[in-house]
Each structure stands twice: as C-alpha cells, then as structure tokens.
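Report on the following structure.
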Amino acid sequence: MSGPTLAVVGAAETTQMGVITDTSELQLHADAAFNALADAGLTIKDIDGFATAGERPTDVAHYLGLEPRWVDGTSVGGCSFMIHVRHAAAAIAAGLCTTVLITHAESGKSRVGKARQAFTSALSGQFERPFGVTGPPTMFGLPVLRHMHDTGLTHEQMANVAVVQREWAGMNPRATFRDPITVEDVLGSRMIAYPFHLLECCLVTDGGGALIVTSADRAKDFPTAPVYVLGHGEGVETPMVSQMENFSSSKAFRIAGGDAFASAEITTADVDHLMVYDAFAHLPLYGLEDLGFCGRGEAGDFVWERNTAPGGSLPMNTNGGGLSYMHSGMYGMYAMQESIRQMRGTAPAQIAGAEVSVSLGVGGMFGAAGCVVFSNVAP
C-alpha cells in the first residue's frame with residue numbers, strides 16, 4: 001500500500017445518548033449527521049456519497065435531503081459501518097464520489113420509530129431456533145463455552161473484562177454506567193444465559209453517530225485534525241453460530257483483521273490503541289487472540305494482568321465499550337468514534353502519544369467482521 005487513500009474529516013455522535021424517548025430513529029440519524037457535518041464545516045449539499053445500515057439508505061437519504069451519486073446499504077450487523085468505510089475508500093478511489101457520509105442511529109431502548117430487525121436468518125431459524133438458540137445471549141453462549149473448555153478461560157477472567165472497561169467508563173462523562181464494579185459484582189449479577197451474567201451483557205440504549213470521509217489529499221482543507229484510514233478489512237463466516245469452523249476463534253475476525261493489518265502495513269507492535277466490539281464480555285478476548293495480540297487462550301490472563309486497563313501496554317475499549325458506555329444495537333460506529341477521538345487527541349481518557357488505533361467489529365453472532373486502522377500521522 002503506497003499510503004492512505006482516505007481520511008475522516010467529520011465525526012460526531014448524537015447530541016443525547018442513553019434513553020431518548022422523544023426522538024425517532026430517523027431523527028437520531030439526522031442529529032448525528034448534522035453534528036458530523038458541523039464538525040467538518042460542510043453542508044448536506046457537499047455530500048455525494050451515503051452509507052447506512054439498519055434503516056434503508058433510501059429512507060435516511062430522503063429524510064436528510066441527500067442526493068447521493070453513490071450509496072451503500074450493506075447491513076451485516078454491528079460491524080456494517082466499518083465495512084462502509086472500506087467501501088467508501090474504494091468508491092472514492094474509483095471516482096464514483098468525493099465525500100461520503102456514513103450514519104448509524106437506533107432507538108434501541110425506547111423503540112421510537114424503530115426499524116424492524118431480526119437476530120436470526122432463515123438458516124438459523126430453521127436449524128438452530130428449534131433447539132432454543134434464539135438470540136444473542138444463547139447464540140454467543142455456544143462458542144464461548146467451548147472456548148472456556150478448550151483454553152481454560154475462567155468465569156473470573158471473563159467477568160474481569162467488564163470490570164476493566166468500567167474503569168475506562170468512569171473517566172467518560174457520557175458513559176451510561178460509571179460506578180466501579182468488581183469481579184464479585186459481575187459474577188453476583190443476574191444470570192441471563194449461561195455463562196453470561198447481566199454485567200457481561202451489553203447495554204440497550206438510544207443514540208447514533210456519523211462519519212464523513214474523503215480522499216486523504218483533501219484532509220487538511222477541513223477544520224478538524226485529520227484522521228487517516230491506513231487500512232481496512234471485512235469478512236464473513238456463517239449466519240449459524242453452530243457452523244463456525246472453530247468455536248474458539250472467529251474466522252471473520254481473522255480475515256478482516258488480517259487484511260486490515262496487511263493493507264495498513266502494520267503489525268500488532270505498531271498499535272497504540274484498540275477498540276473491539278464488546279456486545280458480550282468474551283468478544284474482546286476473541287479479538288485480542290484473533291488479531292494476534294495474544295496466543296490462543298492467553299487473552300484472559302492478558303486482561304487480568306491489566307495490559308488493557310488504564311496505564312496498560314494496550315489500552316482497549318477506552319470509552320467504556322458496549323458494556324458500560326453505550327450500545328444501541330449496532331455498536332461498530334461508537335467503536336470507530338472513540339478511535340477517531342483518540343487519534344484527534346480529544347478523548348475523555350486520552351492515550352498520550354497514540355498514533356495508531358484499530359477498530360474491530362462483529363456482525364451478528366460471529367457472522368461477519370469489519371476492521372479499520374486509523375492514524376493521525378500524515379502519509
């Protein structure tokens with residue numbers, strides 16, 4: 001790769017986050033979009049490319065008054081927005097558009113104007129649902145139990161992921177939950193679906209976010225500090241969690257992460273900051289192992305030894321993650337927002353001197369993945 005082709009020039013979340021009972025999902029899209037436009041110093045007429053997931057892109061584009069010449073409605077779950085970044089890079093490089101708006105919004109908690117989404121595909125509905133595997137807690141429970149059996153990952157180690165991320169959330173004024181918790185608190189919280197306790201499961205909230213991306217050579221024309229997209233990757237495995245190649249590893253994570261690192265021409269040693277989609281507490285552990293930061297079965301100890309905690313060697317999920325910061329249903333946008341804040345130097349829990357941040361997202365229950373490598377260093 002000769003150098004970054006893409007830069008983030010606008011990034012913002014919705015004005016409110018958490019429980020928003022008086023705002024529809026489409027209105028949340030608009031709020032996030034116009035906040036990002038203001039951040040970039042642009043108007044809606046400057047946008048000629050658009051991507052979203054959850055809502056149909058035609059609905060959101062119409063509501064915003066957009067007239068895009070390129071549109072992407074790829075919807076593979078919460079990592080869709082990472083994949084949109086990759087697709088936008090290709091579209092801009094091909095001359096199909098110049099400036100792309102990517103939006104996410106969900107009324108996940110209040111359900112105001114909520115678009116209908118299903119957790120199960122036709123395949124999983126036919127072959128898994130009859131056996132009681134029906135939603136995220138039961139679908140994710142299957143692989144993590146095998147991971148625990150194969151690697152020796154303990155309940156205490158998995159609970160500790162939530163504990164460490166709550167430490168980060170305590171530094172974030174916008175986090176939903178900020179009070180410290182202990183491993184005992186997590187294991188003492190209500191069992192949702194074995195082995196997941198309540199505090200190992202993501203939040204259910206309202207909110208959204210938006211990004212504006214353009215070619216890297218235009219980045220310095222905008223008022224915000226440019227954040228370059230060094231590399232990206234995407235991958236899919238199976239809509240049926242029972243058909244994963246290996247329950248202790250995500251093939252989609254390995255493909256997306258591998259392509260992102262290769263296209264960015266980096267190794268794990270170059271990464272200063274990491275965001276791994278944490279719909280449940282086991283996902284950061286899979287991410288650490290599948291991206292190559294840890295060997296198989298070593299991530300539990302890696303987090304236990306405070307490598308990902310404040311002051312650690314690899315700060316991870318520094319906004320508090322989906323477990324403590326925010327999770328409206330498709331968290332990938334929020335992971336990227338925190339990566340961008342870290343690269344801009346504006347994060348509440350800012351990592352001093354950080355130059356490379358990686359965002360890894362999951363779609364469905366290990367069905368898909370997207371990965372983006374960000375940097376504040378100009379090509």
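Just so we're on the same page: first chain in the structure tokens is A, next is B, and so on; residues restart at 1 for each chain, and ligands are numbered from 1 in the order they show up.
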Leaving out Ser75 (chain A) and any residue of its chain fewer than 6 positions from it, which residues lie within 12 Å of it when counting only C-alpha atoms, given as a PyMOL selection string? chain A and resi 51-57+81-84+104+117-118+236+330+332+362-364+367-370
Please save N, CA, C and O atoms of the selected residues as a compact mmCIF listing (two decimals), in the first residue's frame.
```
# COMPACT_ATOMS: atom_id res chain seq x y z
N ALA A 51 -23.88 6.05 3.07
CA ALA A 51 -23.99 4.65 3.50
C ALA A 51 -24.64 4.60 4.87
O ALA A 51 -24.39 5.46 5.74
N THR A 52 -25.45 3.59 5.08
CA THR A 52 -26.05 3.35 6.40
C THR A 52 -26.49 1.91 6.48
O THR A 52 -26.51 1.17 5.49
N ALA A 53 -26.87 1.49 7.69
CA ALA A 53 -27.38 0.14 7.93
C ALA A 53 -28.44 0.22 9.01
O ALA A 53 -28.46 1.15 9.81
N GLY A 54 -29.30 -0.76 9.04
CA GLY A 54 -30.41 -0.75 10.00
C GLY A 54 -31.64 -0.18 9.33
O GLY A 54 -32.60 -0.88 9.03
N GLU A 55 -31.64 1.11 9.09
CA GLU A 55 -32.65 1.75 8.25
C GLU A 55 -32.24 1.60 6.78
O GLU A 55 -31.06 1.47 6.45
N ARG A 56 -33.22 1.66 5.87
CA ARG A 56 -32.89 1.65 4.45
C ARG A 56 -32.20 2.95 4.08
O ARG A 56 -32.62 4.04 4.50
N PRO A 57 -31.12 2.90 3.28
CA PRO A 57 -30.45 4.14 2.90
C PRO A 57 -31.34 5.11 2.15
O PRO A 57 -31.18 6.33 2.27
N PHE A 81 -20.72 -0.55 9.65
CA PHE A 81 -20.17 0.79 9.44
C PHE A 81 -18.67 0.76 9.20
O PHE A 81 -18.13 1.60 8.47
N MET A 82 -17.97 -0.22 9.78
CA MET A 82 -16.56 -0.43 9.43
C MET A 82 -16.44 -0.82 7.96
O MET A 82 -15.57 -0.34 7.22
N ILE A 83 -17.33 -1.69 7.53
CA ILE A 83 -17.32 -2.12 6.13
C ILE A 83 -17.68 -0.96 5.21
O ILE A 83 -17.12 -0.84 4.11
N HIS A 84 -18.58 -0.09 5.65
CA HIS A 84 -18.90 1.10 4.84
C HIS A 84 -17.67 1.96 4.61
O HIS A 84 -17.51 2.54 3.53
N HIS A 104 -25.27 6.05 11.56
CA HIS A 104 -25.89 4.99 12.34
C HIS A 104 -26.78 5.63 13.38
O HIS A 104 -26.41 6.64 14.00
N GLN A 117 -35.70 -5.39 12.90
CA GLN A 117 -34.51 -6.19 12.65
C GLN A 117 -34.68 -7.55 13.29
O GLN A 117 -35.33 -7.68 14.33
N ALA A 118 -34.09 -8.56 12.67
CA ALA A 118 -34.20 -9.92 13.19
C ALA A 118 -32.82 -10.44 13.57
O ALA A 118 -31.84 -10.15 12.90
N VAL A 236 -16.78 -12.57 6.35
CA VAL A 236 -17.99 -13.24 6.83
C VAL A 236 -17.66 -14.72 7.04
O VAL A 236 -16.74 -15.26 6.42
N MET A 330 -26.20 -1.69 17.31
CA MET A 330 -25.15 -1.90 16.31
C MET A 330 -23.99 -0.99 16.72
O MET A 330 -23.94 0.18 16.36
N GLY A 332 -20.66 -0.80 16.19
CA GLY A 332 -19.45 -0.52 15.44
C GLY A 332 -19.15 0.95 15.23
O GLY A 332 -17.99 1.38 15.26
N VAL A 362 -17.88 -6.84 15.15
CA VAL A 362 -18.54 -8.10 14.83
C VAL A 362 -19.91 -7.81 14.24
O VAL A 362 -20.53 -6.79 14.56
N GLY A 363 -20.38 -8.68 13.38
CA GLY A 363 -21.72 -8.59 12.84
C GLY A 363 -22.48 -9.87 13.14
O GLY A 363 -22.00 -10.97 12.84
N GLY A 364 -23.66 -9.73 13.74
CA GLY A 364 -24.38 -10.92 14.16
C GLY A 364 -23.59 -11.66 15.22
O GLY A 364 -22.81 -11.08 15.97
N GLY A 367 -20.97 -13.80 12.68
CA GLY A 367 -21.28 -14.00 11.28
C GLY A 367 -20.45 -13.15 10.34
O GLY A 367 -20.18 -13.54 9.20
N ALA A 368 -20.04 -11.96 10.79
CA ALA A 368 -19.29 -11.04 9.94
C ALA A 368 -18.34 -10.22 10.81
O ALA A 368 -18.45 -10.21 12.03
N ALA A 369 -17.42 -9.55 10.14
CA ALA A 369 -16.48 -8.68 10.86
C ALA A 369 -16.01 -7.57 9.94
O ALA A 369 -15.96 -7.72 8.71
N GLY A 370 -15.67 -6.44 10.55
CA GLY A 370 -15.05 -5.33 9.84
C GLY A 370 -13.93 -4.79 10.70
O GLY A 370 -14.02 -4.79 11.94
```
Using only C-alpha atoms, what does the table of region 83-115 of chain A residues within 9 Å of region 215-231 of chain A look like, with each row giving the shortest atom pair and its distance in Å to one decimal, sorted by chain and ascending number, as CSV?
```
residue,atom,partner,partner_atom,distance
A:Val85,CA,A:Val229,CA,8.7
A:Arg86,CA,A:Gly231,CA,8.3
A:Ala89,CA,A:Ser215,CA,7.8
A:Ile92,CA,A:Ser215,CA,6.7
A:Ala93,CA,A:Ser215,CA,7.7
A:Thr98,CA,A:Ser215,CA,7.1
A:Thr99,CA,A:Ser215,CA,7.8
```
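Between CA of Gly361 (chain A) and CA of Val276 (chain A) lies a distance of 6.1 Å.
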DSSP on the backbone, strand (DSSP E) only: what residues of region 55-116 of chain A does that give? Format it as a count of residues only. 12
Identify, on the basis of only C-alpha atoms, every residue whose closest approach to region 18-34 of chain A does not exceed 6 Å; exclude the query and any residue fewer than 3 positions from it along the same chain; express the result as an MDAnalysis selection string. chainID A and resid 13:14 37 105:107 110 112:114 205:206 209:210
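Within 6 Å of region 168-181 of chain A, once only C-alpha atoms are used and residues closer than 2 positions along the same chain are dropped, the contacting residues are Val163, Gln165, Arg166, Asp185, Thr318, Asn319, Gly320, Ser324, Tyr325, Pro348 and Ala349 of chain A.
As for CA of Val241 (chain A) and CA of Met365 (chain A), they are spaced 6.3 Å apart.
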Counting only C-alpha atoms, which residues of region 327-349 of chain A fall within 10 Å of region 296-317 of chain A, and what is the closest atom pair for each with its distance in Å at one decimal, ordered by chain and rising number, as CSV?
```
residue,atom,partner,partner_atom,distance
A:Ala335,CA,A:Asn317,CA,7.6
A:Glu338,CA,A:Asn317,CA,8.1
A:Ser339,CA,A:Asn317,CA,9.0
A:Ala349,CA,A:Pro310,CA,8.6
```
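Using only C-alpha atoms, the smallest distance between any of A:Gly135, A:Gly257, A:Gly345, A:Pro379 and Tyr286 (chain A) comes from A:Gly257.
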A:Ala269, A:Val144, A:Cys371, A:Val60 ranked by distance to Glu355 (chain A), top pick (using only C-alpha atoms): A:Ala269
Could you please write out, as a PyMOL selection string, every residue of region 164-325 of chain A that DSSP assigns to alpha helix (DSSP H)? chain A and resi 164-169+183-188+251-264+283-290+299-304+321-324
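Here CA of Tyr334 (chain A) stands at a distance of 19.2 Å from CA of Ala115 (chain A).
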Of the listed residues A:Met343, A:Val100, A:Leu6, A:Met336, that which approaches Ile44 (chain A) most closely, counting only C-alpha atoms: A:Val100
Could you tell me which of A:Ala281, A:Leu101, A:Leu142, A:Val356 comes closest to Thr214 (chain A) if we count only C-alpha atoms? A:Leu101
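Distances to Leu291 (chain A) were evaluated for A:Ala352, A:Val358, A:Ala90, A:Met333 using only C-alpha atoms, and the minimum falls at A:Val358.
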Of the candidates A:Gly65, A:Arg111, A:Phe140, A:Gly41, which shows the shortest atom-to-atom distance to Met244 (chain A), using only C-alpha atoms? A:Phe140
Extract, using only C-alpha atoms, all DNA, RNA and protein residues at most 9 Å from Ser121 (chain A), discarding same-chain residues fewer than 5 positions from it, and format them as a ChimeraX atom specification. /A:126,239-240
